[in-house]
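Undergrad: One file: structure_21.txt (compact mmCIF, C-alpha atoms and all ligand atoms).
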```
# COMPACT_ATOMS: atom_id res chain seq x y z
CA MET A 21 142.41 112.45 55.46
CA ALA A 22 139.92 115.25 55.64
CA LEU A 23 137.63 115.87 52.70
CA VAL A 24 138.29 119.17 50.96
CA GLY A 25 135.94 121.10 48.68
CA ILE A 26 135.92 124.38 46.80
CA THR A 27 133.22 127.02 46.72
CA ASP A 28 133.61 129.35 43.78
CA PRO A 29 131.32 132.36 44.19
CA GLY A 30 131.38 133.73 40.63
CA HIS A 31 132.66 137.26 39.95
CA GLY A 32 133.11 139.71 42.90
CA GLY A 33 135.57 142.50 43.69
CA PHE A 34 136.49 144.33 40.50
CA ASP A 35 133.94 142.30 38.55
CA PRO A 36 130.30 142.76 39.62
CA GLY A 37 129.08 140.21 37.04
CA ALA A 38 125.61 140.65 35.58
CA MET A 39 123.39 143.34 37.05
CA GLY A 40 119.64 143.77 37.26
CA ASN A 41 116.77 144.65 39.55
CA GLY A 42 119.14 146.55 41.84
CA MET A 43 121.39 143.53 42.40
CA ARG A 44 124.88 142.45 41.38
CA GLU A 45 125.63 138.86 40.42
CA GLY A 46 128.81 138.86 42.54
CA ASP A 47 126.84 139.65 45.71
CA LEU A 48 124.28 136.92 45.11
CA THR A 49 126.86 134.27 44.24
CA TRP A 50 128.63 135.05 47.52
CA GLU A 51 125.41 134.46 49.47
CA PHE A 52 124.64 131.16 47.73
CA GLY A 53 128.27 130.00 47.94
CA LEU A 54 128.66 130.92 51.59
CA LYS A 55 125.47 129.15 52.66
CA PHE A 56 126.51 126.07 50.68
CA ALA A 57 129.96 126.07 52.32
CA ARG A 58 128.45 126.31 55.80
CA ASN A 59 126.30 123.25 55.11
CA MET A 60 129.33 121.34 53.87
CA GLU A 61 131.49 122.34 56.86
CA ARG A 62 128.74 121.22 59.22
CA SER A 63 128.69 117.91 57.36
CA GLY A 64 132.42 117.49 57.94
CA VAL A 65 134.01 118.81 54.73
CA LYS A 66 136.75 121.45 54.85
CA MET A 67 135.74 124.21 52.45
CA TYR A 68 137.90 126.78 50.69
CA PHE A 69 136.72 129.89 48.85
CA THR A 70 138.17 131.13 45.57
CA ARG A 71 137.70 134.71 46.73
CA GLU A 72 136.72 136.81 49.73
CA LYS A 73 133.39 138.55 50.17
CA ASN A 74 134.29 141.86 48.58
CA SER A 75 137.57 141.17 46.85
CA THR A 76 139.31 138.80 44.49
CA ALA A 77 142.84 137.40 44.60
CA THR A 78 143.75 139.03 41.27
CA ASN A 79 142.45 142.29 39.87
CA ASN A 80 142.80 141.05 36.36
CA ARG A 81 139.95 139.71 34.29
CA ASN A 82 142.31 137.57 32.20
CA ALA A 83 144.13 136.02 35.14
CA GLU A 84 141.25 135.59 37.58
CA LEU A 85 139.64 132.40 36.27
CA ALA A 86 142.96 130.61 35.82
CA TYR A 87 143.84 131.63 39.38
CA ARG A 88 140.62 130.07 40.66
CA SER A 89 141.08 126.71 39.01
CA ASN A 90 144.79 126.59 39.96
CA TYR A 91 143.85 127.38 43.55
CA ALA A 92 141.42 124.46 43.57
CA ASN A 93 144.05 122.14 42.08
CA GLU A 94 146.62 123.20 44.69
CA LYS A 95 144.20 122.54 47.53
CA GLY A 96 143.74 118.96 46.36
CA ALA A 97 139.98 119.45 46.47
CA SER A 98 137.69 116.59 45.58
CA PHE A 99 134.96 118.80 44.07
CA TYR A 100 134.42 122.33 42.78
CA ILE A 101 131.07 124.10 42.73
CA SER A 102 130.84 127.41 40.87
CA PHE A 103 127.93 129.73 41.63
CA HIS A 104 126.56 132.11 38.99
CA ILE A 105 123.39 134.02 38.16
CA ASN A 106 122.16 134.19 34.58
CA ALA A 107 121.19 137.24 32.52
CA GLY A 108 120.07 138.06 29.01
CA GLY A 109 116.33 137.60 28.98
CA GLY A 110 115.38 134.15 30.20
CA THR A 111 114.10 132.50 33.32
CA GLY A 112 114.93 129.50 35.51
CA PHE A 113 117.83 127.23 36.34
CA GLU A 114 120.51 125.52 34.27
CA SER A 115 123.86 123.96 35.11
CA TYR A 116 127.06 122.97 33.34
CA ARG A 117 129.93 120.52 33.33
CA TYR A 118 132.87 120.31 30.92
CA PRO A 119 131.93 118.51 27.64
CA LYS A 120 134.51 115.73 27.96
CA THR A 121 134.46 114.44 31.52
CA ASP A 122 134.55 111.23 33.47
CA SER A 123 131.53 109.42 34.88
CA SER A 124 132.21 110.70 38.38
CA THR A 125 131.73 114.31 37.21
CA ILE A 126 128.56 113.35 35.34
CA ARG A 127 127.19 111.74 38.49
CA LEU A 128 128.03 114.79 40.64
CA HIS A 129 126.38 117.00 38.03
CA GLN A 130 123.23 114.89 37.92
CA LEU A 131 122.86 114.71 41.71
CA VAL A 132 123.33 118.44 42.21
CA HIS A 133 121.23 119.45 39.23
CA GLY A 134 118.31 117.22 40.21
CA ASN A 135 118.19 118.57 43.77
CA VAL A 136 118.45 122.23 42.72
CA ALA A 137 115.92 121.87 39.88
CA ALA A 138 113.40 120.54 42.42
CA VAL A 139 113.80 123.70 44.54
CA PHE A 140 113.33 125.89 41.44
CA SER A 141 110.20 124.07 40.34
CA GLN A 142 108.74 124.35 43.88
CA SER A 143 109.16 128.11 43.48
CA GLY A 144 107.51 128.04 40.06
CA MET A 145 110.69 128.48 38.02
CA THR A 146 111.78 126.54 34.95
CA ASN A 147 114.34 123.75 34.70
CA ARG A 148 116.33 124.76 31.61
CA GLY A 149 118.30 121.55 31.73
CA ILE A 150 121.60 119.88 32.40
CA LYS A 151 124.23 121.20 29.95
CA THR A 152 127.87 121.11 28.97
CA ALA A 153 130.14 124.04 28.08
CA ASP A 154 133.80 124.86 27.66
CA PHE A 155 133.93 127.34 30.57
CA ALA A 156 137.39 128.27 31.91
CA VAL A 157 136.85 127.07 35.49
CA LEU A 158 135.38 123.77 34.29
CA ARG A 159 138.29 123.28 31.89
CA GLY A 160 141.05 124.33 34.31
CA THR A 161 140.02 122.32 37.37
CA ASN A 162 141.31 118.77 37.61
CA MET A 163 138.57 117.54 39.98
CA PRO A 164 134.84 117.06 39.23
CA ALA A 165 133.42 120.56 38.70
CA VAL A 166 129.91 121.87 38.21
CA LEU A 167 128.77 125.41 37.40
CA LEU A 168 125.30 126.56 38.44
CA GLU A 169 123.30 129.40 36.85
CA LEU A 170 120.76 130.11 39.55
CA GLY A 171 118.00 132.10 37.86
CA PHE A 172 118.06 135.33 35.82
CA ILE A 173 119.04 138.55 37.56
CA ASP A 174 117.34 140.64 34.85
CA ASN A 175 114.03 138.79 35.11
CA THR A 176 111.75 140.55 37.62
CA ARG A 177 110.10 137.36 38.82
CA ASP A 178 113.34 135.35 39.17
CA ALA A 179 115.05 138.30 40.89
CA LYS A 180 112.30 138.60 43.46
CA ILE A 181 112.76 134.96 44.45
CA ILE A 182 116.54 134.53 44.30
CA ARG A 183 117.18 137.58 46.50
CA THR A 184 115.37 136.01 49.49
CA GLU A 185 117.32 134.39 52.29
CA GLU A 186 114.79 131.55 52.39
CA PHE A 187 115.31 130.58 48.75
CA GLN A 188 119.09 130.91 49.01
CA ASN A 189 119.04 128.56 52.02
CA LYS A 190 116.96 125.99 50.15
CA VAL A 191 119.25 126.04 47.12
CA ALA A 192 122.37 125.87 49.30
CA GLU A 193 120.94 122.85 51.09
CA ALA A 194 119.98 121.20 47.79
CA VAL A 195 123.51 121.58 46.40
CA ALA A 196 125.03 120.34 49.66
CA ARG A 197 122.75 117.31 49.80
CA GLY A 198 123.73 116.41 46.24
CA VAL A 199 127.44 116.75 46.97
CA CYS A 200 127.15 114.75 50.22
CA GLN A 201 125.33 111.98 48.39
CA TRP A 202 128.06 111.97 45.76
CA LEU A 203 130.77 111.86 48.45
CA GLY A 204 128.91 109.06 50.25
CA ILE A 205 128.67 110.99 53.51
CA SER A 206 125.53 112.02 55.37
CA TYR A 207 124.29 115.57 55.19
CA VAL A 208 124.14 117.06 58.68
CA GLU A 209 121.01 119.15 59.20
CA GLU A 210 121.16 122.52 60.86
CA PRO A 211 119.88 122.18 64.44
CA ALA A 212 116.51 123.95 64.68
CA GLU A 213 117.14 125.20 68.21
CA PRO A 214 120.48 126.04 69.74
CA PRO A 215 121.41 123.00 71.83
CA GLN A 216 120.58 123.48 75.51
CA VAL A 217 123.82 122.87 77.30
CA GLU A 218 124.45 123.22 80.99
CA GLY A 219 127.37 125.48 81.60
CA THR A 220 128.66 129.03 81.84
CA PRO A 221 126.91 131.46 79.49
CA ILE A 222 129.11 133.41 77.08
CA MET A 223 126.78 136.38 77.36
CA GLY A 224 126.59 138.45 80.51
CA GLU A 225 128.44 141.02 82.57
CA ALA A 226 132.06 140.72 83.62
CA ALA A 227 132.70 139.85 87.26
CA ALA A 228 136.49 140.16 87.48
CA THR A 229 137.99 143.63 87.97
CA LEU A 230 140.58 145.27 85.78
CA GLN A 231 143.11 144.93 88.60
CA GLN A 232 142.42 141.21 88.96
CA LEU A 233 142.85 140.61 85.22
CA LEU A 234 146.10 142.56 85.10
CA GLY A 235 147.46 141.45 88.48
CA PHE A 236 146.78 137.76 87.86
CA THR A 237 148.34 137.81 84.40
CA ARG A 238 151.40 139.80 85.55
CA SER A 239 151.91 137.24 88.34
CA ILE A 240 152.57 134.73 85.53
CA ASN A 241 154.01 136.93 82.77
CA GLU A 242 155.66 140.18 83.92
CA ASP A 243 155.72 141.57 80.38
CA PHE A 244 151.98 141.50 79.90
CA PRO A 245 150.73 144.86 78.54
CA SER A 246 148.34 146.85 80.74
CA GLU A 247 146.37 148.13 77.71
CA LEU A 248 144.70 144.80 77.02
CA PRO A 249 142.39 144.20 80.04
CA PRO A 250 140.40 147.45 79.67
CA ILE A 251 139.90 146.74 75.95
CA TYR A 252 138.46 143.29 76.74
CA LEU A 253 136.11 144.67 79.36
CA GLU A 254 134.95 147.54 77.15
CA ILE A 255 134.39 145.59 73.91
CA GLY A 256 132.83 142.70 75.83
CA LYS A 257 130.36 145.09 77.44
CA ARG A 258 129.48 146.57 74.04
CA TYR A 259 128.49 143.13 72.73
CA GLY A 260 126.93 141.88 75.97
CA ILE A 261 129.67 139.24 76.26
CA ARG A 262 131.69 138.20 79.33
CA GLY A 263 134.83 140.22 78.56
CA ASP A 264 136.56 138.78 81.63
CA ILE A 265 136.07 135.17 80.48
CA ALA A 266 137.01 136.10 76.90
CA PHE A 267 140.20 137.46 78.51
CA ALA A 268 140.74 134.04 80.14
CA GLN A 269 140.29 132.43 76.70
CA MET A 270 142.94 134.82 75.34
CA LEU A 271 145.32 133.69 78.12
CA LYS A 272 144.74 130.07 77.13
CA GLU A 273 145.14 130.67 73.40
CA THR A 274 148.29 132.80 73.70
CA GLY A 275 149.97 130.83 76.51
CA TYR A 276 149.57 133.74 78.91
CA PHE A 277 150.61 136.18 76.20
CA ARG A 278 153.92 134.45 75.58
CA PHE A 279 152.69 133.19 72.19
CA GLY A 280 155.05 130.52 70.88
CA GLY A 281 152.27 128.68 69.04
CA ASP A 282 151.50 129.27 65.36
CA VAL A 283 150.47 132.90 65.98
CA ARG A 284 153.02 135.71 66.43
CA LYS A 285 152.41 138.53 68.91
CA GLU A 286 152.45 141.12 66.09
CA GLN A 287 149.35 139.50 64.53
CA ASN A 288 147.16 140.75 67.41
CA ASN A 289 145.23 137.51 67.00
CA PHE A 290 144.39 136.56 70.56
CA ALA A 291 142.05 133.67 69.90
CA GLY A 292 143.69 131.72 67.08
CA ILE A 293 141.15 132.85 64.50
CA GLY A 294 141.84 131.36 61.07
CA ALA A 295 142.24 133.45 57.95
CA ILE A 296 139.51 133.16 55.34
CA GLY A 297 140.14 130.93 52.38
CA ASP A 298 142.82 129.02 54.19
CA GLY A 299 141.99 127.51 57.55
CA SER A 300 145.57 126.52 58.27
CA SER A 301 146.96 130.06 58.37
CA ARG A 302 145.99 132.55 61.08
CA ALA A 303 144.46 135.98 60.62
CA SER A 304 146.30 139.23 61.44
CA PHE A 305 144.79 142.40 62.88
CA LYS A 306 146.14 145.94 62.64
CA THR A 307 145.86 146.85 66.31
CA MET A 308 145.27 145.19 69.66
CA GLU A 309 141.79 146.70 69.71
CA GLU A 310 140.91 145.27 66.29
CA GLY A 311 142.17 141.87 67.46
CA VAL A 312 139.94 142.00 70.54
CA ILE A 313 136.94 143.08 68.44
CA ALA A 314 137.49 140.09 66.11
CA HIS A 315 137.73 137.77 69.13
CA ILE A 316 134.54 139.13 70.72
CA GLN A 317 132.73 139.04 67.35
CA HIS A 318 133.69 135.40 66.87
CA LEU A 319 132.22 134.62 70.29
CA TYR A 320 129.13 136.66 69.40
CA ALA A 321 128.67 134.59 66.25
CA TYR A 322 128.75 131.41 68.34
CA CYS A 323 126.53 132.44 71.23
CA THR A 324 123.69 134.27 69.48
CA THR A 325 121.85 134.39 66.16
CA LYS A 326 121.31 138.15 66.50
CA PRO A 327 122.83 140.41 63.83
CA VAL A 328 125.91 142.47 64.61
CA LEU A 329 125.11 145.74 66.37
CA ALA A 330 124.33 148.71 64.13
CA GLY A 331 127.42 150.71 63.27
CA GLU A 332 129.84 147.86 63.97
CA THR A 333 132.08 146.58 61.19
CA VAL A 334 132.72 142.85 61.16
CA VAL A 335 136.49 142.40 61.35
CA ASP A 336 136.38 138.69 62.20
CA PRO A 337 137.19 137.04 58.84
CA ARG A 338 135.38 133.81 59.76
CA PHE A 339 132.27 135.37 61.34
CA HIS A 340 130.06 134.24 58.46
CA LEU A 341 131.31 130.67 58.64
CA VAL A 342 130.18 130.15 62.22
CA ASN A 343 127.04 128.10 62.76
CA ARG A 344 125.25 131.02 64.42
CA GLY A 345 123.96 130.43 67.93
CA SER A 346 125.41 126.93 68.14
CA ALA A 347 127.37 127.55 71.37
CA PRO A 348 125.63 129.65 74.02
CA THR A 349 128.10 128.53 76.72
CA TRP A 350 131.89 128.31 76.99
CA GLU A 351 131.64 124.56 77.44
CA ALA A 352 129.65 124.28 74.19
CA LEU A 353 132.70 125.58 72.30
CA ASN A 354 134.28 122.16 72.83
CA GLY A 355 134.85 120.54 69.45
CA LYS A 356 133.84 123.76 67.69
CA TRP A 357 136.33 126.51 68.51
CA ALA A 358 138.94 123.88 69.23
CA VAL A 359 139.01 120.40 67.72
CA PRO A 360 138.87 117.92 69.40
CA GLY A 361 138.92 120.38 72.36
CA THR A 362 137.33 117.93 74.80
CA ASN A 363 137.74 120.23 77.82
CA TYR A 364 138.36 123.48 75.99
CA GLY A 365 135.52 125.48 77.60
CA GLN A 366 136.06 123.99 81.05
CA GLU A 367 139.73 125.03 80.94
CA ILE A 368 138.77 128.61 80.05
CA VAL A 369 136.28 128.74 82.91
CA SER A 370 138.90 127.36 85.29
CA ILE A 371 141.44 130.05 84.28
CA HIS A 372 138.72 132.62 84.91
CA GLN A 373 138.11 131.08 88.33
CA LYS A 374 141.79 131.63 89.19
CA VAL A 375 141.48 135.25 88.07
CA MET A 376 138.50 135.68 90.41
CA GLU A 377 140.44 134.18 93.31
CA PHE A 378 143.40 136.49 92.69
CA LYS A 379 143.85 138.93 95.58
CA VAL A 380 145.06 142.32 94.43
CA GLU A 381 147.86 143.50 96.71
CA PRO A 382 147.40 146.69 98.74
CA GLY A 383 148.76 149.65 96.81
CA LYS A 384 148.41 147.84 93.53
CA ASP A 385 144.69 148.17 93.13
CA TYR A 386 145.03 151.16 90.79
CA MET A 387 147.56 149.40 88.54
CA GLY A 388 146.28 149.43 84.99
CA HIS A 389 143.52 151.89 85.89
CA TRP A 390 142.95 154.58 83.26
CA ALA A 391 144.08 157.14 85.87
CA GLU A 392 147.09 155.12 87.08
CA LYS A 393 149.53 157.92 86.21
CA GLU A 394 147.52 160.62 87.97
CA ILE A 395 146.96 158.47 91.07
CA THR A 396 150.67 157.63 91.30
CA ARG A 397 151.48 161.33 91.07
CA VAL A 398 149.07 162.54 93.79
CA ILE A 399 150.34 159.81 96.12
CA GLN A 400 153.96 160.76 95.46
CA GLU A 401 153.12 164.45 95.96
CA GLY A 402 151.51 163.60 99.30
CA LEU A 403 148.14 165.00 98.27
CA MET A 404 146.08 161.82 98.57
CA TYR A 405 146.42 158.45 100.28
CA GLY A 406 144.48 155.26 100.13
CA ASP A 407 142.62 153.70 103.05
CA ASP A 408 144.32 152.40 106.19
CA ASP A 409 144.24 148.87 104.79
CA GLY A 410 146.66 150.03 102.06
CA TYR A 411 144.20 149.87 99.15
CA PHE A 412 143.54 152.99 97.10
CA TYR A 413 140.06 151.99 95.87
CA PRO A 414 140.35 154.08 92.67
CA ASP A 415 136.64 153.97 91.85
CA ARG A 416 135.31 154.84 95.31
CA MET A 417 133.50 158.20 95.86
CA LEU A 418 135.12 161.14 97.61
CA THR A 419 133.24 163.21 100.27
CA ARG A 420 133.25 167.04 100.43
CA ALA A 421 135.22 166.82 103.67
CA GLU A 422 137.91 164.69 102.03
CA LEU A 423 138.09 167.09 99.09
CA ALA A 424 138.45 170.05 101.49
CA ALA A 425 141.34 168.27 103.25
CA ILE A 426 143.05 167.58 99.92
CA LEU A 427 142.62 171.20 98.77
CA CYS A 428 144.10 172.46 102.05
CA ARG A 429 147.20 170.30 101.53
CA LEU A 430 147.59 172.03 98.17
CA LEU A 431 146.97 175.55 99.59
CA ASP A 432 149.54 174.98 102.37
CA ARG A 433 152.39 174.64 99.90
ZN ZN A 501 128.49 134.64 35.94
```
Now that the file is in, can you turn its structure into structure tokens?
Ligand SMILES: [Zn+2]
TA:
Amino acid sequence: MALVGITDPGHGGFDPGAMGNGMREGDLTWEFGLKFARNMERSGVKMYFTREKNSTATNNRNAELAYRSNYANEKGASFYISFHINAGGGTGFESYRYPKTDSSTIRLHQLVHGNVAAVFSQSGMTNRGIKTADFAVLRGTNMPAVLLELGFIDNTRDAKIIRTEEFQNKVAEAVARGVCQWLGISYVEEPAEPPQVEGTPIMGEAAATLQQLLGFTRSINEDFPSELPPIYLEIGKRYGIRGDIAFAQMLKETGYFRFGGDVRKEQNNFAGIGAIGDGSSRASFKTMEEGVIAHIQHLYAYCTTKPVLAGETVVDPRFHLVNRGSAPTWEALNGKWAVPGTNYGQEIVSIHQKVMEFKVEPGKDYMGHWAEKEITRVIQEGLMYGDDDGYFYPDRMLTRAELAAILCRLLDR
């Protein structure tokens, strides 16, 4: 059975928590909690969050903490780590467990506290000690639970340190190492360099045409919508990702758009992306376009460590959970996007190969083109024809002579 853990980023949503030095506790706890969860997932533990980045499950101060501990109990988690930032005129690190607990909780507390205190002292901050308190989330959870107060948000010196990515990473690693030791599993380090894998790069320009994508898919599923291929090519281009191969991945994930798996067509989830907080349910997107953006963003998270383009909103709910840059090729997605997924990437590439080999029939090469309606009309009206080979070549240039001939046909009416 898979190991399950809970990350509880304190506060958030309606409750900013303590504030100071231009920061909100709820934003910092998310950063610490998220980085911790990524380390744990990499080490083989399934992690759940008690809230999302900018929202909470309840909007009620009285109900929220009970919700969080109940959620942890329902998930059957084996540990619960709550992230908080202190305030009120002090400095340094302290941590808590419930006053009356078993030896397993005490051991978890000691391992985590010791590791985190070492990081604080390296940064010149105080170890305020290992403490007990009757806090709601410690009382309500029925698995070993530890609450961390990671520095003082209203102390200028503390604030300067805890806001840095570097310090947050060190603390997250320290907590994760402590928990792994307690679980008796080995902590898996983040690879320094993205692994060099031979294969087909995820980044690059599309090679298949719109007509090939549509024609190939319609040869298998007649009901396939013509709107989808141009969206894949356009969004893919925006992110520098192979939109045509992402399209092939969509065909694999949706069973050639017949669905029938655990995702319904109405969810516009073309790549089986999980919802946040609960990996077993699948995310839903408002429109086809939003679904494609989420898919392309998820690929972007895997194939590069670069930030999301300016002006783009991240709609992929699991973007932040991806080990950034860990899969530069389709083949490297094996065991990551799909588990075990031994040949996952190879199968996608092979579907794409079939798309490339697909011969668009004469007269059908403008199918799905943005000007399909207009082209159909001028052909029916006898104003324009394709070439002698029967293809229309919708994107080919027109000469002045050809335009003159077309205009004369119109004038002769
Ligand atoms: Zn707090």
Undergrad: For each of A:Gln373, A:Thr161, A:Gln269, A:Asn106, take the minimum atom-to-atom distance to Ala92 (chain A), counting all atoms listed in the file, then give the residue where this is smallest.
TA: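 When distances to Ala92 (chain A) are compared using all atoms listed in the file, the smallest one comes from A:Thr161.
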Undergrad: How close does each residue of chain A get to ligand ZN 501 (chain A), giving the shortest atom pair and distance in Å to one decimal for every residue with an atom at most 6 Å away, counting all atoms listed in the file, sorted by chain and residue number, as a Markdown table?
TA:
```
| residue | atom | partner | partner_atom | distance |
| --- | --- | --- | --- | --- |
| A:Gly30 | CA | A:ZN501 | ZN | 5.6 |
| A:Gly37 | CA | A:ZN501 | ZN | 5.7 |
| A:His104 | CA | A:ZN501 | ZN | 4.4 |
| A:Ile105 | CA | A:ZN501 | ZN | 5.6 |
```
Undergrad: A:Ala303, A:Ile222, A:Leu23, A:Ala228: which is nearest Gly345 (chain A), counting all atoms listed in the file?
TA: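 Of the candidates, the smallest distance to Gly345 (chain A) is held by A:Ile222.
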Undergrad: Write out as JSON an axis-aligned box for region 315-334 of chain A: all of its atoms listed in the file, 6 Å added on each side, centre and edge lengths in Å with one decimal.
TA:
```
{"center_x": 129.5, "center_y": 141.1, "center_z": 66.2, "size_x": 28.4, "size_y": 31.3, "size_z": 22.1}
```
Undergrad: Of the candidates A:Glu61, A:Glu45, A:Glu254, A:Asp35, which shows the shortest atom-to-atom distance to Lys356 (chain A), using all atoms listed in the file?
TA: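 Nearest to Lys356 (chain A): A:Glu61.
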Undergrad: Skipping near chain neighbours, those fewer than 4 positions away, what residues fall within 12 Å of Asp409 (chain A) using all atoms listed in the file, listed as a PyMOL selection string?
TA: chain A and resi 381-383+385+405+413
Undergrad: Choose the residue, out of A:Tyr411, A:Phe279, A:Tyr386, A:Trp350, that has the smallest atom-to-atom separation from Ser370 (chain A); count all atoms listed in the file.
TA: A:Trp350
Undergrad: Between CA of Ile293 (chain A) and CA of Ile255 (chain A), what is the spacing in Å?
TA: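 Straight-line distance from CA of Ile255 (chain A) to CA of Ile293 (chain A) works out to 17.2 Å.
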Undergrad: Interatomic distance between CA of Tyr91 (chain A) and CA of Asn162 (chain A)?
TA: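 A separation of 10.8 Å between them.
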Undergrad: Can you measure CA of Ala165 (chain A) to CA of Phe339 (chain A) for me? One decimal in Å is fine.
TA: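 Between CA of Ala165 (chain A) and CA of Phe339 (chain A) the gap works out to 27.1 Å.
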Undergrad: Please report as JSON lines every residue of region 344-429 of chain A lying within 12 Å of region 284-291 of chain A, along with the nearest atom pair and their distance in Å (one decimal), using all atoms listed in the file.
TA:
```
{"residue": "A:Trp357", "atom": "CA", "partner": "A:Ala291", "partner_atom": "CA", "distance": 9.3}
{"residue": "A:Ala358", "atom": "CA", "partner": "A:Ala291", "partner_atom": "CA", "distance": 10.3}
{"residue": "A:Ile368", "atom": "CA", "partner": "A:Ala291", "partner_atom": "CA", "distance": 11.8}
```
Undergrad: I'd like to know which of A:Leu167, A:Ile316, A:Leu248, A:Ile371 is closest to Lys272 (chain A), using all atoms listed in the file.
TA: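 Closest to Lys272 (chain A) of all the choices is A:Ile371.
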Undergrad: Of the residues A:Asn189, A:Thr176, A:Thr125, A:Asn363, which is the one nearest to Leu54 (chain A), using only C-alpha atoms?
TA: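 Of A:Asn189, A:Thr176, A:Thr125, A:Asn363, the one nearest Leu54 (chain A) is A:Asn189, counting only C-alpha atoms.
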